[in-house]
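Listing of work_19.json; format and content: JSON, C-alpha atoms.
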```json
[["chain", "number", "residue", "atom", "x", "y", "z"],
["J", 4, "MET", "CA", -29.50, -61.72, -25.86],
["J", 5, "THR", "CA", -31.62, -60.85, -28.89],
["J", 6, "GLY", "CA", -34.72, -62.59, -30.10],
["J", 7, "THR", "CA", -35.96, -63.51, -26.64],
["J", 8, "THR", "CA", -39.48, -62.95, -25.39],
["J", 9, "PRO", "CA", -39.78, -60.91, -22.18],
["J", 10, "ALA", "CA", -41.26, -62.76, -19.24],
["J", 11, "THR", "CA", -44.99, -62.07, -18.81],
["J", 12, "ARG", "CA", -46.93, -62.64, -15.60],
["J", 13, "VAL", "CA", -50.72, -63.18, -15.71],
["J", 14, "THR", "CA", -52.66, -62.48, -12.54],
["J", 15, "GLU", "CA", -56.16, -61.69, -11.33],
["J", 16, "LEU", "CA", -56.71, -57.96, -10.80],
["J", 17, "PRO", "CA", -58.77, -56.54, -7.95],
["J", 18, "ALA", "CA", -61.56, -54.25, -9.18],
["J", 19, "GLY", "CA", -60.04, -51.34, -7.25],
["J", 20, "TRP", "CA", -56.68, -51.79, -8.97],
["J", 21, "LEU", "CA", -58.30, -51.79, -12.38],
["J", 22, "ARG", "CA", -60.30, -48.64, -11.57],
["J", 23, "GLU", "CA", -57.07, -46.89, -10.53],
["J", 24, "HIS", "CA", -55.30, -48.03, -13.72],
["J", 25, "MET", "CA", -58.21, -47.80, -16.15],
["J", 26, "HIS", "CA", -56.53, -45.15, -18.32],
["J", 27, "GLU", "CA", -53.52, -47.45, -18.74],
["J", 28, "ALA", "CA", -55.75, -50.41, -19.60],
["J", 29, "LEU", "CA", -57.88, -48.42, -22.04],
["J", 30, "THR", "CA", -54.76, -47.18, -23.82],
["J", 31, "ILE", "CA", -54.05, -50.85, -24.59],
["J", 32, "TYR", "CA", -57.70, -51.24, -25.68],
["J", 33, "GLY", "CA", -57.34, -48.33, -28.12],
["J", 34, "GLU", "CA", -54.07, -49.60, -29.56],
["J", 35, "ALA", "CA", -55.36, -53.16, -29.96],
["J", 36, "MET", "CA", -58.68, -52.13, -31.53],
["J", 37, "GLY", "CA", -57.32, -49.30, -33.65],
["J", 38, "TYR", "CA", -59.55, -46.67, -32.00],
["J", 39, "ASP", "CA", -58.60, -43.04, -31.77],
["J", 40, "ALA", "CA", -58.22, -41.21, -28.45],
["J", 41, "SER", "CA", -61.77, -39.79, -28.47],
["J", 42, "VAL", "CA", -63.31, -43.28, -28.63],
["J", 43, "VAL", "CA", -61.05, -44.46, -25.83],
["J", 44, "ALA", "CA", -61.88, -41.43, -23.66],
["J", 45, "GLY", "CA", -65.60, -42.03, -24.17],
["J", 46, "ARG", "CA", -65.20, -45.60, -22.90],
["J", 47, "TYR", "CA", -63.70, -44.66, -19.52],
["J", 48, "GLY", "CA", -66.93, -44.00, -17.58],
["J", 49, "TYR", "CA", -68.58, -47.19, -18.85],
["J", 50, "ALA", "CA", -65.51, -49.28, -18.02],
["J", 51, "VAL", "CA", -65.39, -47.99, -14.45],
["J", 52, "GLN", "CA", -69.11, -48.76, -14.04],
["J", 53, "HIS", "CA", -68.51, -52.30, -15.28],
["J", 54, "THR", "CA", -66.23, -52.96, -12.28],
["J", 55, "GLU", "CA", -69.31, -52.76, -10.04],
["J", 56, "ARG", "CA", -71.41, -55.36, -11.90],
["J", 57, "PRO", "CA", -72.26, -58.73, -10.37],
["J", 58, "GLY", "CA", -69.67, -61.40, -11.05],
["J", 59, "PHE", "CA", -67.03, -58.86, -12.13],
["J", 60, "ARG", "CA", -63.61, -60.36, -12.67],
["J", 61, "ALA", "CA", -60.42, -58.97, -14.22],
["J", 62, "VAL", "CA", -56.99, -60.26, -15.20],
["J", 63, "GLY", "CA", -53.82, -58.57, -16.35],
["J", 64, "GLY", "CA", -50.64, -59.49, -18.15],
["J", 65, "PHE", "CA", -47.48, -57.77, -16.94],
["J", 66, "GLU", "CA", -44.21, -57.72, -18.83],
["J", 67, "ALA", "CA", -40.93, -57.45, -16.95],
["J", 68, "THR", "CA", -39.03, -54.22, -17.56],
["J", 69, "PRO", "CA", -35.71, -52.92, -16.16],
["J", 70, "ASP", "CA", -37.77, -50.77, -13.75],
["J", 71, "GLY", "CA", -40.29, -53.44, -12.69],
["J", 72, "GLU", "CA", -43.33, -54.38, -14.77],
["J", 73, "ARG", "CA", -45.75, -52.80, -17.20],
["J", 74, "LEU", "CA", -49.29, -53.80, -18.11],
["J", 75, "VAL", "CA", -49.32, -55.22, -21.64],
["J", 76, "GLY", "CA", -52.69, -56.97, -21.68],
["J", 77, "PHE", "CA", -55.89, -57.17, -19.70],
["J", 78, "GLY", "CA", -59.33, -58.67, -19.72],
["J", 79, "TYR", "CA", -62.47, -58.31, -17.70],
["J", 80, "GLY", "CA", -66.03, -59.49, -17.64],
["J", 81, "TYR", "CA", -69.11, -59.98, -15.54],
["J", 82, "LEU", "CA", -72.44, -61.76, -15.45],
["J", 83, "ILE", "CA", -74.86, -60.29, -17.97],
["J", 84, "ALA", "CA", -78.47, -59.38, -17.29],
["J", 85, "PRO", "CA", -81.40, -57.80, -19.13],
["J", 86, "GLY", "CA", -81.17, -54.02, -19.12],
["J", 87, "GLN", "CA", -77.42, -53.97, -19.68],
["J", 88, "TRP", "CA", -76.53, -52.34, -23.01],
["J", 89, "TRP", "CA", -74.47, -55.24, -24.41],
["J", 90, "HIS", "CA", -76.96, -57.89, -23.27],
["J", 91, "ASP", "CA", -79.84, -56.07, -24.93],
["J", 92, "GLN", "CA", -77.88, -55.47, -28.16],
["J", 93, "VAL", "CA", -76.96, -59.15, -28.33],
["J", 94, "ARG", "CA", -80.51, -60.25, -27.48],
["J", 95, "ALA", "CA", -81.77, -58.25, -30.46],
["J", 96, "ALA", "CA", -79.10, -59.82, -32.72],
["J", 97, "LEU", "CA", -79.90, -63.43, -31.83],
["J", 98, "ASP", "CA", -82.89, -65.49, -32.84],
["J", 99, "ARG", "CA", -85.23, -66.37, -29.98],
["J", 100, "ARG", "CA", -84.06, -69.95, -29.57],
["J", 101, "THR", "CA", -80.36, -69.03, -29.54],
["J", 102, "ALA", "CA", -80.96, -66.21, -27.05],
["J", 103, "LYS", "CA", -82.89, -68.52, -24.73],
["J", 104, "ARG", "CA", -80.10, -71.10, -24.86],
["J", 105, "TRP", "CA", -77.12, -68.77, -24.43],
["J", 106, "LEU", "CA", -78.04, -65.59, -22.54],
["J", 107, "PRO", "CA", -79.37, -66.68, -19.13],
["J", 108, "GLY", "CA", -76.60, -66.68, -16.53],
["J", 109, "ALA", "CA", -73.87, -65.98, -19.11],
["J", 110, "PHE", "CA", -70.51, -64.39, -18.37],
["J", 111, "GLU", "CA", -69.57, -61.66, -20.82],
["J", 112, "VAL", "CA", -65.92, -61.38, -21.76],
["J", 113, "CYS", "CA", -66.38, -57.64, -22.03],
["J", 114, "GLU", "CA", -62.80, -56.65, -22.81],
["J", 115, "LEU", "CA", -59.75, -58.75, -23.68],
["J", 116, "HIS", "CA", -56.86, -56.86, -25.25],
["J", 117, "VAL", "CA", -53.13, -57.26, -25.72],
["J", 118, "HIS", "CA", -50.92, -54.35, -26.74],
["J", 119, "PRO", "CA", -49.80, -54.87, -30.37],
["J", 120, "ASP", "CA", -46.14, -55.05, -29.27],
["J", 121, "ALA", "CA", -46.96, -58.05, -27.03],
["J", 122, "GLN", "CA", -49.23, -59.97, -29.42],
["J", 123, "SER", "CA", -48.52, -63.34, -31.05],
["J", 124, "ARG", "CA", -46.85, -64.74, -27.92],
["J", 125, "GLY", "CA", -49.82, -66.59, -26.42],
["J", 126, "LEU", "CA", -50.73, -63.87, -23.92],
["J", 127, "GLY", "CA", -54.28, -63.45, -25.27],
["J", 128, "ARG", "CA", -54.98, -67.15, -24.71],
["J", 129, "GLN", "CA", -53.48, -67.02, -21.20],
["J", 130, "LEU", "CA", -55.62, -64.00, -20.32],
["J", 131, "LEU", "CA", -58.78, -65.56, -21.75],
["J", 132, "HIS", "CA", -58.36, -68.80, -19.82],
["J", 133, "ALA", "CA", -57.38, -67.04, -16.59],
["J", 134, "LEU", "CA", -60.43, -64.76, -16.90],
["J", 135, "VAL", "CA", -63.03, -67.52, -17.28],
["J", 136, "GLU", "CA", -61.39, -70.14, -15.05],
["J", 137, "GLY", "CA", -63.75, -70.98, -12.20],
["J", 138, "VAL", "CA", -66.44, -68.52, -13.32],
["J", 139, "PRO", "CA", -69.81, -69.68, -11.94],
["J", 140, "ALA", "CA", -71.58, -69.45, -15.30],
["J", 141, "PRO", "CA", -72.53, -72.12, -17.83],
["J", 142, "VAL", "CA", -71.24, -70.13, -20.82],
["J", 143, "ALA", "CA", -69.01, -67.24, -21.83],
["J", 144, "LEU", "CA", -70.07, -64.79, -24.54],
["J", 145, "LEU", "CA", -68.16, -62.07, -26.36],
["J", 146, "SER", "CA", -68.19, -59.91, -29.44],
["J", 147, "THR", "CA", -65.22, -59.34, -31.70],
["J", 148, "PRO", "CA", -64.73, -57.66, -35.09],
["J", 149, "ASP", "CA", -66.11, -60.02, -37.74],
["J", 150, "ALA", "CA", -62.88, -60.48, -39.68],
["J", 151, "ASP", "CA", -60.02, -62.95, -39.90],
["J", 152, "THR", "CA", -58.06, -61.50, -36.98],
["J", 153, "LYS", "CA", -55.75, -63.07, -34.42],
["J", 154, "ALA", "CA", -58.47, -62.65, -31.79],
["J", 155, "PHE", "CA", -61.15, -64.27, -33.95],
["J", 156, "ARG", "CA", -58.91, -67.25, -34.65],
["J", 157, "LEU", "CA", -58.01, -67.57, -30.96],
["J", 158, "TYR", "CA", -61.64, -67.66, -29.84],
["J", 159, "HIS", "CA", -62.60, -70.28, -32.42],
["J", 160, "ALA", "CA", -59.55, -72.41, -31.59],
["J", 161, "ASP", "CA", -60.53, -72.42, -27.92],
["J", 162, "GLY", "CA", -64.12, -73.56, -28.35],
["J", 163, "PHE", "CA", -66.15, -70.44, -29.13],
["J", 164, "ILE", "CA", -68.78, -70.85, -31.82],
["J", 165, "ASP", "CA", -70.63, -68.31, -33.96],
["J", 166, "LEU", "CA", -73.95, -67.18, -32.55],
["J", 167, "ALA", "CA", -74.36, -64.22, -34.91],
["J", 168, "ARG", "CA", -72.21, -62.68, -37.63],
["J", 169, "GLY", "CA", -72.22, -59.27, -39.27],
["J", 170, "HIS", "CA", -73.84, -57.50, -36.30],
["J", 171, "HIS", "CA", -73.42, -53.72, -36.12],
["J", 172, "PHE", "CA", -73.20, -52.13, -32.68],
["J", 173, "PRO", "CA", -74.12, -48.44, -32.49],
["J", 174, "GLY", "CA", -71.04, -46.23, -32.72],
["J", 175, "ASP", "CA", -68.83, -48.65, -34.69],
["J", 176, "ALA", "CA", -69.05, -49.06, -38.45],
["J", 177, "ARG", "CA", -67.36, -52.47, -38.44],
["J", 178, "PRO", "CA", -69.41, -55.68, -38.38],
["J", 179, "PHE", "CA", -68.98, -57.83, -35.27],
["J", 180, "ALA", "CA", -69.37, -61.53, -34.57],
["J", 181, "ILE", "CA", -71.08, -62.66, -31.39],
["J", 182, "LEU", "CA", -69.47, -65.83, -30.08],
["J", 183, "GLY", "CA", -70.23, -68.24, -27.25],
["J", 184, "ALA", "CA", -68.49, -71.13, -25.51],
["J", 185, "ARG", "CA", -69.51, -73.64, -22.87],
["J", 186, "LEU", "CA", -67.52, -73.39, -19.66],
["J", 187, "PRO", "CA", -65.05, -74.53, -18.56],
["J", 188, "LEU", "CA", -62.93, -73.77, -21.61],
["J", 189, "ARG", "CA", -60.57, -76.44, -22.75],
["J", 190, "PRO", "CA", -57.31, -75.17, -24.26],
["J", 191, "GLY", "CA", -57.25, -75.81, -27.98],
["J", 192, "ALA", "CA", -60.71, -77.37, -27.91],
["J", 193, "GLY", "CA", -61.86, -75.92, -31.21],
["J", 194, "PRO", "CA", -65.56, -75.44, -32.02],
["J", 195, "SER", "CA", -67.86, -78.09, -30.60]]
```
Reformat the file's structure so that it appears as structure tokens.
Amino acid sequence: MTGTTPATRVTELPAGWLREHMHEALTIYGEAMGYDASVVAGRYGYAVQHTERPGFRAVGGFEATPDGERLVGFGYGYLIAPGQWWHDQVRAALDRRTAKRWLPGAFEVCELHVHPDAQSRGLGRQLLHALVEGVPAPVALLSTPDADTKAFRLYHADGFIDLARGHHFPGDARPFAILGARLPLRPGAGPS
């Protein structure tokens, strides 16, 4: 039958599983973000370290294949704290009042990526909601390229609001938006 969408299973991933399959996951990251292999390779050590952070949680999307399943999307995050690179970058990008309101006790959606061949089927939304469901944090934060992308539209449609726009992280020439949402997320909530 042509024109059908392969079945995709979304599940929580143990930290150990993700560490063992980090190269596979980061290949999806590189494809989704348009990064070359050297950027992806440089991310490996940091990503493995992230699996040991407090509140770490990961999810994966698996597509059925004739031989079993293959990972086609993943997401992970953890509770942020001062001294972590992303937290400190975001703290510097936000005004004092916004930082005080959003940073304490926040859950960072550190990575959320779907392979380009599996995009536009709702998998990103499924992964996002599975990742933050039941997280013991008042808010979720993330950064995404500051452009009209599928990801940017997804986050806004599901309740994330702009905390900062046009932020430049070291090592990436593109501007990024820093977004936040109150938890729990409500599907299709839109900005509040």
Need the shell around stretch 129-135 of chain J: protein/DNA/RNA residues with any atom at most 10 Å away, counting all atoms listed in the file. Skip same-chain ones fewer than 4 positions apart. Format as a PyMOL selection string?
chain J and resi 12-16+60-64+76-81+110-112+114-117+124-125+139-140+142-143+157-158+161+186-190
Prev. selection, C-alpha atoms, output as a tab-separated table (two decimals), in the coordinates of the input:
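Listed below is the output, result24.tsv:
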```tsv
chain	number	residue	atom	x	y	z
J	12	ARG	CA	-46.93	-62.64	-15.60
J	13	VAL	CA	-50.72	-63.18	-15.71
J	14	THR	CA	-52.66	-62.48	-12.54
J	15	GLU	CA	-56.16	-61.69	-11.33
J	16	LEU	CA	-56.71	-57.96	-10.80
J	60	ARG	CA	-63.61	-60.36	-12.67
J	61	ALA	CA	-60.42	-58.97	-14.22
J	62	VAL	CA	-56.99	-60.26	-15.20
J	63	GLY	CA	-53.82	-58.57	-16.35
J	64	GLY	CA	-50.64	-59.49	-18.15
J	76	GLY	CA	-52.69	-56.97	-21.68
J	77	PHE	CA	-55.89	-57.17	-19.70
J	78	GLY	CA	-59.33	-58.67	-19.72
J	79	TYR	CA	-62.47	-58.31	-17.70
J	80	GLY	CA	-66.03	-59.49	-17.64
J	81	TYR	CA	-69.11	-59.98	-15.54
J	110	PHE	CA	-70.51	-64.39	-18.37
J	111	GLU	CA	-69.57	-61.66	-20.82
J	112	VAL	CA	-65.92	-61.38	-21.76
J	114	GLU	CA	-62.80	-56.65	-22.81
J	115	LEU	CA	-59.75	-58.75	-23.68
J	116	HIS	CA	-56.86	-56.86	-25.25
J	117	VAL	CA	-53.13	-57.26	-25.72
J	124	ARG	CA	-46.85	-64.74	-27.92
J	125	GLY	CA	-49.82	-66.59	-26.42
J	139	PRO	CA	-69.81	-69.68	-11.94
J	140	ALA	CA	-71.58	-69.45	-15.30
J	142	VAL	CA	-71.24	-70.13	-20.82
J	143	ALA	CA	-69.01	-67.24	-21.83
J	157	LEU	CA	-58.01	-67.57	-30.96
J	158	TYR	CA	-61.64	-67.66	-29.84
J	161	ASP	CA	-60.53	-72.42	-27.92
J	186	LEU	CA	-67.52	-73.39	-19.66
J	187	PRO	CA	-65.05	-74.53	-18.56
J	188	LEU	CA	-62.93	-73.77	-21.61
J	189	ARG	CA	-60.57	-76.44	-22.75
J	190	PRO	CA	-57.31	-75.17	-24.26
```
Show me, as a PyMOL selection string, the residues that have an atom within 9 Å of J:Pro85 when counting only C-alpha atoms, minus same-chain residues fewer than 5 positions from it.
chain J and resi 90-91+94
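In this comparison, which uses all atoms listed in the file, the residue of J:Arg73, J:His171, J:Arg22, J:Lys103 approaching J:Val51 most closely is J:Arg22.
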Using all atoms listed in the file, which of the listed residues (J:Leu74, J:Val93, J:Leu21, J:Ala154) sits closest to J:Ala35?
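The shortest atom-to-atom distance to J:Ala35 comes from J:Ala154.
What separates atom CA of J:Leu144 from atom CA of J:Pro173 is a distance of 18.6 Å.
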So how far away is atom CA of J:Leu145 from atom CA of J:Glu23, in Å?
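Computed distance, atom CA of J:Glu23 to atom CA of J:Leu145, equals 24.6 Å.
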Could you work out how far atom CA of J:Ala109 lies from atom CA of J:Pro141, giving the answer in Å with one decimal?
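Between atom CA of J:Pro141 and atom CA of J:Ala109 the gap works out to 6.4 Å.
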Write out as a list in words each polymer residue whose atoms come within 12 Å of J:Ala176, counting all atoms listed in the file; drop sequence neighbours fewer than 6 positions from it.
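Using all atoms listed in the file, the neighbours found are Tyr38, Pro148, Asp149, Gly169 and His170 of chain J.
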From the set J:His118, J:Arg128, J:Arg99, J:Lys153, which residue has the shortest atom-to-atom contact distance to J:Ile31, counting only C-alpha atoms?
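Smallest distance to J:Ile31 is found for J:His118.
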Of the candidates J:Ile164, J:Ala40, J:Leu97, J:Val75, which one gets nearest to J:Pro119 if we count all atoms listed in the file?
J:Val75
Compare J:Val138, J:Ala95, J:Ala180, J:Ala10 by their minimum atom-to-atom distance to J:Glu66, counting all atoms listed in the file, and give me the closest one.
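Once distances to J:Glu66 are computed over all atoms listed in the file, the minimum belongs to J:Ala10.
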Would you save stretch 99-112 of chain J to a file, keeping all heavy atoms, as a PDB file, in the first residue's frame?
```
ATOM      1  N   ARG J  99      16.603  40.488  34.270  1.00  0.00           N
ATOM      2  CA  ARG J  99      16.623  39.972  35.648  1.00  0.00           C
ATOM      3  C   ARG J  99      15.267  39.421  36.102  1.00  0.00           C
ATOM      4  O   ARG J  99      15.174  38.344  36.698  1.00  0.00           O
ATOM      5  CB  ARG J  99      17.097  41.099  36.572  1.00  0.00           C
ATOM      6  CG  ARG J  99      17.280  40.681  37.992  1.00  0.00           C
ATOM      7  CD  ARG J  99      17.730  41.887  38.820  1.00  0.00           C
ATOM      8  NE  ARG J  99      17.965  41.468  40.176  1.00  0.00           N
ATOM      9  CZ  ARG J  99      19.076  41.700  40.832  1.00  0.00           C
ATOM     10  NH1 ARG J  99      20.057  42.360  40.255  1.00  0.00           N
ATOM     11  NH2 ARG J  99      19.209  41.288  42.060  1.00  0.00           N
ATOM     12  N   ARG J 100      14.217  40.155  35.810  1.00  0.00           N
ATOM     13  CA  ARG J 100      12.881  39.745  36.237  1.00  0.00           C
ATOM     14  C   ARG J 100      12.455  38.438  35.553  1.00  0.00           C
ATOM     15  O   ARG J 100      11.897  37.533  36.198  1.00  0.00           O
ATOM     16  CB  ARG J 100      11.890  40.860  35.924  1.00  0.00           C
ATOM     17  CG  ARG J 100      10.507  40.574  36.379  1.00  0.00           C
ATOM     18  CD  ARG J 100       9.607  41.754  36.115  1.00  0.00           C
ATOM     19  NE  ARG J 100       8.248  41.445  36.525  1.00  0.00           N
ATOM     20  CZ  ARG J 100       7.219  42.185  36.247  1.00  0.00           C
ATOM     21  NH1 ARG J 100       7.372  43.305  35.572  1.00  0.00           N
ATOM     22  NH2 ARG J 100       6.029  41.829  36.647  1.00  0.00           N
ATOM     23  N   THR J 101      12.698  38.333  34.254  1.00  0.00           N
ATOM     24  CA  THR J 101      12.334  37.125  33.516  1.00  0.00           C
ATOM     25  C   THR J 101      13.142  35.934  34.022  1.00  0.00           C
ATOM     26  O   THR J 101      12.591  34.845  34.214  1.00  0.00           O
ATOM     27  CB  THR J 101      12.557  37.329  32.003  1.00  0.00           C
ATOM     28  OG1 THR J 101      11.781  38.460  31.575  1.00  0.00           O
ATOM     29  CG2 THR J 101      12.153  36.106  31.203  1.00  0.00           C
ATOM     30  N   ALA J 102      14.428  36.129  34.254  1.00  0.00           N
ATOM     31  CA  ALA J 102      15.270  35.045  34.767  1.00  0.00           C
ATOM     32  C   ALA J 102      14.770  34.569  36.125  1.00  0.00           C
ATOM     33  O   ALA J 102      14.681  33.358  36.378  1.00  0.00           O
ATOM     34  CB  ALA J 102      16.719  35.508  34.866  1.00  0.00           C
ATOM     35  N   LYS J 103      14.423  35.489  36.995  1.00  0.00           N
ATOM     36  CA  LYS J 103      13.957  35.130  38.334  1.00  0.00           C
ATOM     37  C   LYS J 103      12.645  34.346  38.266  1.00  0.00           C
ATOM     38  O   LYS J 103      12.399  33.440  39.068  1.00  0.00           O
ATOM     39  CB  LYS J 103      13.785  36.396  39.175  1.00  0.00           C
ATOM     40  CG  LYS J 103      13.450  36.128  40.611  1.00  0.00           C
ATOM     41  CD  LYS J 103      13.414  37.415  41.410  1.00  0.00           C
ATOM     42  CE  LYS J 103      13.100  37.127  42.875  1.00  0.00           C
ATOM     43  NZ  LYS J 103      13.099  38.341  43.681  1.00  0.00           N
ATOM     44  N   ARG J 104      11.824  34.680  37.304  1.00  0.00           N
ATOM     45  CA  ARG J 104      10.516  34.031  37.162  1.00  0.00           C
ATOM     46  C   ARG J 104      10.615  32.647  36.510  1.00  0.00           C
ATOM     47  O   ARG J 104       9.840  31.753  36.843  1.00  0.00           O
ATOM     48  CB  ARG J 104       9.609  34.930  36.330  1.00  0.00           C
ATOM     49  CG  ARG J 104       8.218  34.431  36.182  1.00  0.00           C
ATOM     50  CD  ARG J 104       7.346  35.445  35.488  1.00  0.00           C
ATOM     51  NE  ARG J 104       6.011  34.910  35.321  1.00  0.00           N
ATOM     52  CZ  ARG J 104       5.185  35.291  34.377  1.00  0.00           C
ATOM     53  NH1 ARG J 104       5.540  36.222  33.530  1.00  0.00           N
ATOM     54  NH2 ARG J 104       4.005  34.752  34.286  1.00  0.00           N
ATOM     55  N   TRP J 105      11.556  32.463  35.584  1.00  0.00           N
ATOM     56  CA  TRP J 105      11.563  31.255  34.773  1.00  0.00           C
ATOM     57  C   TRP J 105      12.664  30.240  35.088  1.00  0.00           C
ATOM     58  O   TRP J 105      12.474  29.049  34.846  1.00  0.00           O
ATOM     59  CB  TRP J 105      11.643  31.629  33.293  1.00  0.00           C
ATOM     60  CG  TRP J 105      10.354  32.159  32.769  1.00  0.00           C
ATOM     61  CD1 TRP J 105       9.955  33.470  32.739  1.00  0.00           C
ATOM     62  CD2 TRP J 105       9.276  31.410  32.217  1.00  0.00           C
ATOM     63  NE1 TRP J 105       8.699  33.575  32.195  1.00  0.00           N
ATOM     64  CE2 TRP J 105       8.254  32.319  31.861  1.00  0.00           C
ATOM     65  CE3 TRP J 105       9.069  30.056  31.973  1.00  0.00           C
ATOM     66  CZ2 TRP J 105       7.062  31.921  31.283  1.00  0.00           C
ATOM     67  CZ3 TRP J 105       7.873  29.644  31.388  1.00  0.00           C
ATOM     68  CH2 TRP J 105       6.889  30.579  31.065  1.00  0.00           C
ATOM     69  N   LEU J 106      13.807  30.666  35.575  1.00  0.00           N
ATOM     70  CA  LEU J 106      14.925  29.733  35.716  1.00  0.00           C
ATOM     71  C   LEU J 106      14.869  28.800  36.930  1.00  0.00           C
ATOM     72  O   LEU J 106      15.190  27.615  36.794  1.00  0.00           O
ATOM     73  CB  LEU J 106      16.261  30.480  35.699  1.00  0.00           C
ATOM     74  CG  LEU J 106      16.654  31.108  34.363  1.00  0.00           C
ATOM     75  CD1 LEU J 106      17.978  31.835  34.490  1.00  0.00           C
ATOM     76  CD2 LEU J 106      16.727  30.061  33.267  1.00  0.00           C
ATOM     77  N   PRO J 107      14.507  29.254  38.105  1.00  0.00           N
ATOM     78  CA  PRO J 107      14.565  28.356  39.264  1.00  0.00           C
ATOM     79  C   PRO J 107      13.699  27.097  39.104  1.00  0.00           C
ATOM     80  O   PRO J 107      12.504  27.189  38.810  1.00  0.00           O
ATOM     81  CB  PRO J 107      14.059  29.215  40.426  1.00  0.00           C
ATOM     82  CG  PRO J 107      14.328  30.629  39.990  1.00  0.00           C
ATOM     83  CD  PRO J 107      14.093  30.614  38.499  1.00  0.00           C
ATOM     84  N   GLY J 108      14.328  25.951  39.252  1.00  0.00           N
ATOM     85  CA  GLY J 108      13.617  24.677  39.190  1.00  0.00           C
ATOM     86  C   GLY J 108      13.138  24.257  37.824  1.00  0.00           C
ATOM     87  O   GLY J 108      12.347  23.322  37.694  1.00  0.00           O
ATOM     88  N   ALA J 109      13.606  24.914  36.762  1.00  0.00           N
ATOM     89  CA  ALA J 109      13.124  24.635  35.407  1.00  0.00           C
ATOM     90  C   ALA J 109      13.701  23.333  34.850  1.00  0.00           C
ATOM     91  O   ALA J 109      14.792  22.905  35.201  1.00  0.00           O
ATOM     92  CB  ALA J 109      13.480  25.784  34.471  1.00  0.00           C
ATOM     93  N   PHE J 110      12.932  22.739  33.959  1.00  0.00           N
ATOM     94  CA  PHE J 110      13.349  21.563  33.195  1.00  0.00           C
ATOM     95  C   PHE J 110      13.752  22.041  31.817  1.00  0.00           C
ATOM     96  O   PHE J 110      12.969  22.697  31.134  1.00  0.00           O
ATOM     97  CB  PHE J 110      12.198  20.560  33.087  1.00  0.00           C
ATOM     98  CG  PHE J 110      12.540  19.303  32.345  1.00  0.00           C
ATOM     99  CD1 PHE J 110      13.193  18.263  32.992  1.00  0.00           C
ATOM    100  CD2 PHE J 110      12.205  19.149  31.016  1.00  0.00           C
ATOM    101  CE1 PHE J 110      13.510  17.087  32.319  1.00  0.00           C
ATOM    102  CE2 PHE J 110      12.505  17.983  30.324  1.00  0.00           C
ATOM    103  CZ  PHE J 110      13.157  16.946  30.982  1.00  0.00           C
ATOM    104  N   GLU J 111      14.977  21.743  31.413  1.00  0.00           N
ATOM    105  CA  GLU J 111      15.427  22.118  30.068  1.00  0.00           C
ATOM    106  C   GLU J 111      15.140  20.994  29.095  1.00  0.00           C
ATOM    107  O   GLU J 111      15.579  19.857  29.292  1.00  0.00           O
ATOM    108  CB  GLU J 111      16.934  22.397  30.044  1.00  0.00           C
ATOM    109  CG  GLU J 111      17.415  22.738  28.645  1.00  0.00           C
ATOM    110  CD  GLU J 111      18.921  22.670  28.459  1.00  0.00           C
ATOM    111  OE1 GLU J 111      19.649  22.502  29.444  1.00  0.00           O
ATOM    112  OE2 GLU J 111      19.359  22.781  27.298  1.00  0.00           O
ATOM    113  N   VAL J 112      14.393  21.298  28.051  1.00  0.00           N
ATOM    114  CA  VAL J 112      14.262  20.389  26.920  1.00  0.00           C
ATOM    115  C   VAL J 112      15.549  20.603  26.128  1.00  0.00           C
ATOM    116  O   VAL J 112      15.641  21.507  25.299  1.00  0.00           O
ATOM    117  CB  VAL J 112      12.999  20.693  26.086  1.00  0.00           C
ATOM    118  CG1 VAL J 112      12.939  19.789  24.865  1.00  0.00           C
ATOM    119  CG2 VAL J 112      11.749  20.561  26.944  1.00  0.00           C
TER     120      VAL J 112
END
```
